[in-house]
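Undergrad: For reference, the structure I am asking about is given below.
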Amino acid sequence: MKDNIVLIGMPSCGKSTIGVVLAKVLGYRFVDSDLVIQERTGKLLSEIIEEEGLEAFNQIENEINASLDYHKAIIATGGSVIYGKKAMEHLRSIGKIVYIELPFETLKERIGDLNARGVSIKEGQSFRQLYEERKPLYEQYADVTISADGLSIREVVSRLKEQLQ
């Protein structure tokens with residue numbers, strides 16, 4: 001049953017914030033898949049990356065996202081969810097995929113410390129390179145794309161609600 005809404009996008013694009021508000025407006029449950037990963041592993045995302053490496057983290061993220069089983073939920077995913085084919089196929093089978101799009105400059109202003117956030121980024125890779133690598137994947141998986149640039153959270157939620165109904 002495809003009764004979930006799955007939010008994808010770059011770190012700091014607002015998936016969790018938008019997700020919480022959208023869940024309230026629609027009367028859905030809110031799930032942050034990064035928190036589910038931390039809960040199931042007993043570790044912070046940054047600890048998993050630090051201790052086990054990026055590849056192992058992406059594998060754990062893929063497995064956990066592929067096992068999510070909710071109904072009428074807004075699921076905010078980690079920015080790297082799109083690297084997991086199994087996870088993305090599963091998420092598409094249980095819901096509509098919404099890409100929250102923001103221009104690079106806006107994301108760069110918002111992001112802060114990548115390592116502290118537990119962002120899945122390769123050694124020596126710049127945030128710009130990460131953005132260029134991920135953008136086509138977000139676009140490929142999205143059922144709906146919403147540009148959040150210059151919009152308040154309330155405006156984004158209102159537009160999403162219109163597009164999803």
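Every chain in the structure tokens has a letter given in the order shown (A, B, ...), and although residue numbers restart at 1 in each chain, ligands are simply numbered from 1 in the order shown.
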Identify, on the basis of only C-alpha atoms, every residue whose closest approach to Ser33 (chain A) does not exceed 9 Å; exclude the query and any residue fewer than 6 positions from it along the same chain; express the result as JSON, numbers by chain.
TA: {"A": [61, 64, 65, 68, 75, 76, 77, 78]}
Undergrad: Any chance you could export the current selection's all heavy atoms as a PDB file, in the first residue's frame?
TA:
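For reference, selection-v9.pdb as written:
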```
ATOM      1  N   GLU A  61      22.522   1.887   6.146  1.00  0.00           N
ATOM      2  CA  GLU A  61      21.433   2.798   5.771  1.00  0.00           C
ATOM      3  C   GLU A  61      20.505   2.133   4.750  1.00  0.00           C
ATOM      4  O   GLU A  61      19.280   2.205   4.865  1.00  0.00           O
ATOM      5  CB  GLU A  61      22.020   4.093   5.195  1.00  0.00           C
ATOM      6  CG  GLU A  61      20.955   5.108   4.810  1.00  0.00           C
ATOM      7  CD  GLU A  61      21.524   6.388   4.236  1.00  0.00           C
ATOM      8  OE1 GLU A  61      22.454   6.334   3.401  1.00  0.00           O
ATOM      9  OE2 GLU A  61      21.017   7.453   4.622  1.00  0.00           O
ATOM     10  N   ILE A  64      18.414  -0.738   6.537  1.00  0.00           N
ATOM     11  CA  ILE A  64      17.393  -0.219   7.459  1.00  0.00           C
ATOM     12  C   ILE A  64      16.267   0.483   6.708  1.00  0.00           C
ATOM     13  O   ILE A  64      15.094   0.250   6.977  1.00  0.00           O
ATOM     14  CB  ILE A  64      18.028   0.669   8.554  1.00  0.00           C
ATOM     15  CG1 ILE A  64      18.867  -0.230   9.488  1.00  0.00           C
ATOM     16  CG2 ILE A  64      16.955   1.435   9.340  1.00  0.00           C
ATOM     17  CD1 ILE A  64      19.647   0.492  10.579  1.00  0.00           C
ATOM     18  N   ASN A  65      16.612   1.308   5.730  1.00  0.00           N
ATOM     19  CA  ASN A  65      15.557   1.979   4.950  1.00  0.00           C
ATOM     20  C   ASN A  65      14.721   0.986   4.150  1.00  0.00           C
ATOM     21  O   ASN A  65      13.532   1.193   3.957  1.00  0.00           O
ATOM     22  CB  ASN A  65      16.158   3.046   4.020  1.00  0.00           C
ATOM     23  CG  ASN A  65      16.410   4.354   4.741  1.00  0.00           C
ATOM     24  OD1 ASN A  65      15.489   4.984   5.227  1.00  0.00           O
ATOM     25  ND2 ASN A  65      17.666   4.743   4.827  1.00  0.00           N
ATOM     26  N   LEU A  68      11.879  -0.406   6.446  1.00  0.00           N
ATOM     27  CA  LEU A  68      10.880   0.466   7.076  1.00  0.00           C
ATOM     28  C   LEU A  68       9.476   0.009   6.691  1.00  0.00           C
ATOM     29  O   LEU A  68       9.197  -0.243   5.520  1.00  0.00           O
ATOM     30  CB  LEU A  68      11.095   1.933   6.663  1.00  0.00           C
ATOM     31  CG  LEU A  68      12.403   2.582   7.111  1.00  0.00           C
ATOM     32  CD1 LEU A  68      12.482   4.011   6.584  1.00  0.00           C
ATOM     33  CD2 LEU A  68      12.556   2.561   8.618  1.00  0.00           C
ATOM     34  N   ILE A  75       8.114  10.078   5.860  1.00  0.00           N
ATOM     35  CA  ILE A  75       9.428   9.521   6.163  1.00  0.00           C
ATOM     36  C   ILE A  75      10.495  10.471   5.616  1.00  0.00           C
ATOM     37  O   ILE A  75      10.622  10.633   4.405  1.00  0.00           O
ATOM     38  CB  ILE A  75       9.595   8.109   5.541  1.00  0.00           C
ATOM     39  CG1 ILE A  75       8.501   7.162   6.057  1.00  0.00           C
ATOM     40  CG2 ILE A  75      10.997   7.563   5.841  1.00  0.00           C
ATOM     41  CD1 ILE A  75       8.396   5.841   5.318  1.00  0.00           C
ATOM     42  N   ALA A  76      11.227  11.108   6.530  1.00  0.00           N
ATOM     43  CA  ALA A  76      12.343  11.957   6.133  1.00  0.00           C
ATOM     44  C   ALA A  76      13.590  11.087   6.120  1.00  0.00           C
ATOM     45  O   ALA A  76      13.926  10.466   7.135  1.00  0.00           O
ATOM     46  CB  ALA A  76      12.509  13.120   7.111  1.00  0.00           C
ATOM     47  N   THR A  77      14.242  11.000   4.971  1.00  0.00           N
ATOM     48  CA  THR A  77      15.397  10.120   4.831  1.00  0.00           C
ATOM     49  C   THR A  77      16.694  10.913   4.967  1.00  0.00           C
ATOM     50  O   THR A  77      16.698  12.136   4.866  1.00  0.00           O
ATOM     51  CB  THR A  77      15.399   9.447   3.441  1.00  0.00           C
ATOM     52  OG1 THR A  77      15.479  10.465   2.438  1.00  0.00           O
ATOM     53  CG2 THR A  77      14.159   8.600   3.236  1.00  0.00           C
ATOM     54  N   GLY A  78      17.787  10.188   5.157  1.00  0.00           N
ATOM     55  CA  GLY A  78      19.105  10.823   5.129  1.00  0.00           C
ATOM     56  C   GLY A  78      19.429  11.181   3.687  1.00  0.00           C
ATOM     57  O   GLY A  78      18.930  10.540   2.754  1.00  0.00           O
TER      58      GLY A  78
END
```
Undergrad: From a DSSP calculation on the backbone, collect every residue of chain A in strand (DSSP E) and output the set as an MDAnalysis selection string.
TA: chainID A and resid 4:8 29:32 73:76 95:101 144:147
Undergrad: Print the selection's residues with N, CA, C and O atoms to a file, as a short mmCIF file (atom, residue, chain, number, x, y, z; two decimals), in the first residue's frame.
TA:
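The file below, selection.cif, is the result:
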```
data_model
loop_
_atom_site.label_atom_id
_atom_site.label_comp_id
_atom_site.auth_asym_id
_atom_site.auth_seq_id
_atom_site.Cartn_x
_atom_site.Cartn_y
_atom_site.Cartn_z
N ASN A 4 2.43 6.32 2.14
CA ASN A 4 3.45 7.12 2.81
C ASN A 4 3.96 8.20 1.88
O ASN A 4 3.82 8.10 0.67
N ILE A 5 4.61 9.20 2.46
CA ILE A 5 5.29 10.23 1.68
C ILE A 5 6.73 10.21 2.14
O ILE A 5 7.02 10.33 3.34
N VAL A 6 7.64 10.00 1.18
CA VAL A 6 9.06 9.87 1.48
C VAL A 6 9.79 11.11 0.99
O VAL A 6 9.73 11.43 -0.20
N LEU A 7 10.47 11.81 1.90
CA LEU A 7 11.18 13.03 1.54
C LEU A 7 12.66 12.73 1.32
O LEU A 7 13.31 12.13 2.18
N ILE A 8 13.16 13.13 0.14
CA ILE A 8 14.58 12.97 -0.16
C ILE A 8 15.16 14.34 -0.52
O ILE A 8 14.42 15.26 -0.88
N ARG A 29 1.92 10.06 10.77
CA ARG A 29 3.03 9.86 11.69
C ARG A 29 4.27 10.46 11.02
O ARG A 29 4.37 10.48 9.81
N PHE A 30 5.25 10.90 11.84
CA PHE A 30 6.51 11.38 11.28
C PHE A 30 7.63 10.42 11.67
O PHE A 30 7.75 10.03 12.82
N VAL A 31 8.44 10.03 10.67
CA VAL A 31 9.56 9.13 10.90
C VAL A 31 10.81 9.75 10.29
O VAL A 31 10.81 10.12 9.12
N ASP A 32 11.87 9.86 11.09
CA ASP A 32 13.15 10.33 10.58
C ASP A 32 14.03 9.09 10.46
O ASP A 32 14.41 8.50 11.47
N ALA A 73 2.64 7.61 6.91
CA ALA A 73 3.78 8.25 7.57
C ALA A 73 4.48 9.17 6.58
O ALA A 73 4.49 8.93 5.38
N ILE A 74 5.05 10.23 7.14
CA ILE A 74 5.97 11.07 6.39
C ILE A 74 7.34 10.57 6.80
O ILE A 74 7.67 10.58 7.99
N ILE A 75 8.11 10.08 5.86
CA ILE A 75 9.43 9.52 6.16
C ILE A 75 10.50 10.47 5.62
O ILE A 75 10.62 10.63 4.40
N ALA A 76 11.23 11.11 6.53
CA ALA A 76 12.34 11.96 6.13
C ALA A 76 13.59 11.09 6.12
O ALA A 76 13.93 10.47 7.13
N GLY A 95 5.41 4.28 -0.89
CA GLY A 95 5.01 5.69 -0.85
C GLY A 95 5.40 6.49 -2.06
O GLY A 95 5.97 5.97 -3.02
N LYS A 96 5.07 7.76 -2.00
CA LYS A 96 5.43 8.72 -3.04
C LYS A 96 6.74 9.38 -2.63
O LYS A 96 6.89 9.82 -1.50
N ILE A 97 7.66 9.47 -3.57
CA ILE A 97 8.97 10.06 -3.29
C ILE A 97 8.95 11.54 -3.66
O ILE A 97 8.66 11.89 -4.80
N VAL A 98 9.25 12.39 -2.68
CA VAL A 98 9.26 13.84 -2.89
C VAL A 98 10.67 14.38 -2.70
O VAL A 98 11.28 14.21 -1.64
N TYR A 99 11.18 15.02 -3.75
CA TYR A 99 12.51 15.63 -3.70
C TYR A 99 12.38 17.09 -3.30
O TYR A 99 11.74 17.87 -3.98
N ILE A 100 12.96 17.44 -2.15
CA ILE A 100 13.00 18.83 -1.69
C ILE A 100 14.26 19.45 -2.29
O ILE A 100 15.37 19.14 -1.87
N GLU A 101 14.05 20.30 -3.27
CA GLU A 101 15.17 20.86 -4.02
C GLU A 101 15.52 22.27 -3.54
O GLU A 101 14.64 23.09 -3.33
N VAL A 144 7.68 13.51 -7.24
CA VAL A 144 7.32 14.93 -7.15
C VAL A 144 8.58 15.70 -6.75
O VAL A 144 9.30 15.26 -5.86
N THR A 145 8.83 16.83 -7.42
CA THR A 145 9.95 17.69 -7.03
C THR A 145 9.38 19.03 -6.60
O THR A 145 8.53 19.58 -7.31
N ILE A 146 9.80 19.51 -5.45
CA ILE A 146 9.34 20.82 -5.00
C ILE A 146 10.55 21.70 -4.72
O ILE A 146 11.45 21.31 -4.00
N SER A 147 10.57 22.86 -5.37
CA SER A 147 11.65 23.80 -5.11
C SER A 147 11.28 24.58 -3.86
O SER A 147 10.27 25.27 -3.82
#
```
Undergrad: At what distance in Å, to one decimal, does CA of Val20 (chain A) lie from CA of Leu54 (chain A)?
TA: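 Atom-to-atom, CA of Leu54 (chain A) to CA of Val20 (chain A), that is 27.9 Å.
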Undergrad: Provide the CA of Leu160 (chain A) to CA of Ala23 (chain A) distance in Å, to one decimal place.
TA: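 So the answer is 11.5 Å.
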Undergrad: Would you work out the distance separating CA of Glu162 (chain A) from CA of Tyr138 (chain A), expressed in Å to one decimal?
TA: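 Going from CA of Glu162 (chain A) over to CA of Tyr138 (chain A), I get 20.9 Å.
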Undergrad: List the spatial neighbours of Leu22 (chain A) as a PyMOL selection string - criterion: any atom at most 8 Å away, only C-alpha atoms, same-chain residues fewer than 6 positions off excluded.
TA: chain A and resi 28+74+157+161
Undergrad: Pull N, CA, C and O atoms from the residues just selected and write them as a compact mmCIF listing (two decimals), in the first residue's frame.
TA:
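So part-v4.txt came out as:
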```txt
# COMPACT_ATOMS: atom_id res chain seq x y z
N TYR A 28 -0.57 12.48 9.72
CA TYR A 28 0.28 11.31 9.53
C TYR A 28 1.28 11.20 10.67
O TYR A 28 1.49 12.14 11.42
N ILE A 74 5.05 10.23 7.14
CA ILE A 74 5.97 11.07 6.39
C ILE A 74 7.34 10.57 6.80
O ILE A 74 7.67 10.58 7.99
N VAL A 157 5.01 23.28 2.67
CA VAL A 157 4.02 22.28 3.10
C VAL A 157 2.70 22.47 2.34
O VAL A 157 2.10 21.51 1.86
N LYS A 161 1.09 19.75 -0.15
CA LYS A 161 -0.25 19.25 0.10
C LYS A 161 -1.11 19.33 -1.17
O LYS A 161 -1.78 18.36 -1.54
```
Undergrad: Find the spatial neighbours of Glu123 (chain A), counting only C-alpha atoms, within a cut-off of 12 Å - ignore same-chain residues fewer than 2 positions away - and output them as a list in words.
TA: Ile49, Glu50, Gly53, Leu54, Glu55, Leu114, Asn115, Val119, Ser120, Ile121, Gln125, Ser126, Phe127, Gln129 and Leu130 of chain A
Undergrad: The selected residues should be written to file as an mmCIF file, in the first residue's frame (atoms: all heavy atoms).
TA:
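This went into again-v3.cif:
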```
data_model
loop_
_atom_site.group_PDB
_atom_site.id
_atom_site.type_symbol
_atom_site.label_atom_id
_atom_site.label_comp_id
_atom_site.auth_asym_id
_atom_site.auth_seq_id
_atom_site.Cartn_x
_atom_site.Cartn_y
_atom_site.Cartn_z
ATOM 1 N N ILE A 49 30.035 6.130 10.740
ATOM 2 C CA ILE A 49 30.939 6.486 9.643
ATOM 3 C C ILE A 49 32.397 6.427 10.125
ATOM 4 O O ILE A 49 33.256 5.858 9.456
ATOM 5 C CB ILE A 49 30.590 7.879 9.061
ATOM 6 C CG1 ILE A 49 29.210 7.834 8.375
ATOM 7 C CG2 ILE A 49 31.665 8.355 8.081
ATOM 8 C CD1 ILE A 49 28.632 9.181 7.986
ATOM 9 N N GLU A 50 32.637 6.998 11.286
ATOM 10 C CA GLU A 50 33.990 7.046 11.843
ATOM 11 C C GLU A 50 34.529 5.652 12.162
ATOM 12 O O GLU A 50 35.666 5.327 11.837
ATOM 13 C CB GLU A 50 33.956 7.885 13.126
ATOM 14 C CG GLU A 50 35.269 8.504 13.510
ATOM 15 C CD GLU A 50 35.090 9.426 14.714
ATOM 16 O OE1 GLU A 50 34.458 10.496 14.543
ATOM 17 O OE2 GLU A 50 35.549 9.048 15.805
ATOM 18 N N GLY A 53 33.366 3.092 8.637
ATOM 19 C CA GLY A 53 33.643 3.558 7.280
ATOM 20 C C GLY A 53 32.377 3.891 6.512
ATOM 21 O O GLY A 53 31.274 3.467 6.873
ATOM 22 N N LEU A 54 32.569 4.638 5.446
ATOM 23 C CA LEU A 54 31.459 5.143 4.633
ATOM 24 C C LEU A 54 30.672 4.031 3.939
ATOM 25 O O LEU A 54 29.452 4.034 3.922
ATOM 26 C CB LEU A 54 32.025 6.113 3.586
ATOM 27 C CG LEU A 54 31.077 7.123 2.996
ATOM 28 C CD1 LEU A 54 30.335 7.886 4.075
ATOM 29 C CD2 LEU A 54 31.832 8.088 2.098
ATOM 30 N N GLU A 55 31.408 3.060 3.399
ATOM 31 C CA GLU A 55 30.749 1.973 2.676
ATOM 32 C C GLU A 55 29.837 1.166 3.606
ATOM 33 O O GLU A 55 28.704 0.842 3.250
ATOM 34 C CB GLU A 55 31.803 1.069 2.040
ATOM 35 C CG GLU A 55 31.322 0.426 0.766
ATOM 36 C CD GLU A 55 32.456 -0.255 0.015
ATOM 37 O OE1 GLU A 55 33.367 0.443 -0.475
ATOM 38 O OE2 GLU A 55 32.401 -1.505 -0.069
ATOM 39 N N LEU A 114 29.975 19.310 8.325
ATOM 40 C CA LEU A 114 29.571 18.054 7.666
ATOM 41 C C LEU A 114 29.837 16.827 8.527
ATOM 42 O O LEU A 114 29.012 15.929 8.606
ATOM 43 C CB LEU A 114 30.312 17.894 6.332
ATOM 44 C CG LEU A 114 30.002 18.899 5.232
ATOM 45 C CD1 LEU A 114 30.899 18.650 4.025
ATOM 46 C CD2 LEU A 114 28.547 18.816 4.818
ATOM 47 N N ASN A 115 31.001 16.798 9.166
ATOM 48 C CA ASN A 115 31.364 15.621 9.968
ATOM 49 C C ASN A 115 30.489 15.471 11.204
ATOM 50 O O ASN A 115 30.054 14.377 11.543
ATOM 51 C CB ASN A 115 32.837 15.672 10.360
ATOM 52 C CG ASN A 115 33.742 15.587 9.139
ATOM 53 O OD1 ASN A 115 33.364 15.019 8.117
ATOM 54 N ND2 ASN A 115 34.920 16.165 9.237
ATOM 55 N N VAL A 119 27.326 13.455 7.720
ATOM 56 C CA VAL A 119 27.034 13.449 6.284
ATOM 57 C C VAL A 119 27.921 12.412 5.603
ATOM 58 O O VAL A 119 29.122 12.344 5.850
ATOM 59 C CB VAL A 119 27.266 14.855 5.658
ATOM 60 C CG1 VAL A 119 27.144 14.814 4.142
ATOM 61 C CG2 VAL A 119 26.261 15.850 6.240
ATOM 62 N N SER A 120 27.296 11.602 4.756
ATOM 63 C CA SER A 120 27.999 10.560 4.013
ATOM 64 C C SER A 120 28.752 11.208 2.846
ATOM 65 O O SER A 120 28.180 11.432 1.787
ATOM 66 C CB SER A 120 26.961 9.552 3.503
ATOM 67 O OG SER A 120 27.557 8.587 2.688
ATOM 68 N N ILE A 121 30.017 11.548 3.084
ATOM 69 C CA ILE A 121 30.822 12.229 2.068
ATOM 70 C C ILE A 121 32.197 11.575 1.996
ATOM 71 O O ILE A 121 32.787 11.242 3.022
ATOM 72 C CB ILE A 121 30.922 13.758 2.368
ATOM 73 C CG1 ILE A 121 31.575 14.519 1.216
ATOM 74 C CG2 ILE A 121 31.607 14.023 3.701
ATOM 75 C CD1 ILE A 121 31.408 16.037 1.315
ATOM 76 N N GLN A 125 36.232 14.842 -0.847
ATOM 77 C CA GLN A 125 35.139 15.319 -1.701
ATOM 78 C C GLN A 125 34.589 16.632 -1.135
ATOM 79 O O GLN A 125 34.386 16.749 0.069
ATOM 80 C CB GLN A 125 34.024 14.258 -1.758
ATOM 81 C CG GLN A 125 32.927 14.562 -2.764
ATOM 82 C CD GLN A 125 31.874 13.442 -2.821
ATOM 83 O OE1 GLN A 125 31.551 12.823 -1.816
ATOM 84 N NE2 GLN A 125 31.350 13.198 -4.001
ATOM 85 N N SER A 126 34.367 17.596 -2.006
ATOM 86 C CA SER A 126 33.804 18.869 -1.546
ATOM 87 C C SER A 126 32.275 18.758 -1.489
ATOM 88 O O SER A 126 31.685 17.867 -2.111
ATOM 89 C CB SER A 126 34.197 20.002 -2.500
ATOM 90 O OG SER A 126 33.489 19.875 -3.733
ATOM 91 N N PHE A 127 31.670 19.675 -0.760
ATOM 92 C CA PHE A 127 30.205 19.691 -0.670
ATOM 93 C C PHE A 127 29.606 19.933 -2.057
ATOM 94 O O PHE A 127 28.597 19.347 -2.417
ATOM 95 C CB PHE A 127 29.756 20.763 0.338
ATOM 96 C CG PHE A 127 28.287 20.701 0.670
ATOM 97 C CD1 PHE A 127 27.714 19.537 1.165
ATOM 98 C CD2 PHE A 127 27.474 21.808 0.488
ATOM 99 C CE1 PHE A 127 26.352 19.465 1.472
ATOM 100 C CE2 PHE A 127 26.115 21.754 0.793
ATOM 101 C CZ PHE A 127 25.558 20.582 1.284
ATOM 102 N N GLN A 129 30.908 18.979 -4.944
ATOM 103 C CA GLN A 129 31.004 17.713 -5.689
ATOM 104 C C GLN A 129 29.932 16.728 -5.236
ATOM 105 O O GLN A 129 29.351 16.007 -6.056
ATOM 106 C CB GLN A 129 32.400 17.090 -5.511
ATOM 107 C CG GLN A 129 33.497 17.863 -6.224
ATOM 108 C CD GLN A 129 34.894 17.441 -5.777
ATOM 109 O OE1 GLN A 129 35.114 17.091 -4.608
ATOM 110 N NE2 GLN A 129 35.844 17.469 -6.692
ATOM 111 N N LEU A 130 29.668 16.715 -3.935
ATOM 112 C CA LEU A 130 28.628 15.848 -3.393
ATOM 113 C C LEU A 130 27.264 16.225 -3.987
ATOM 114 O O LEU A 130 26.490 15.372 -4.406
ATOM 115 C CB LEU A 130 28.587 15.961 -1.864
ATOM 116 C CG LEU A 130 27.637 15.011 -1.145
ATOM 117 C CD1 LEU A 130 28.158 13.574 -1.190
ATOM 118 C CD2 LEU A 130 27.445 15.435 0.307
#
```
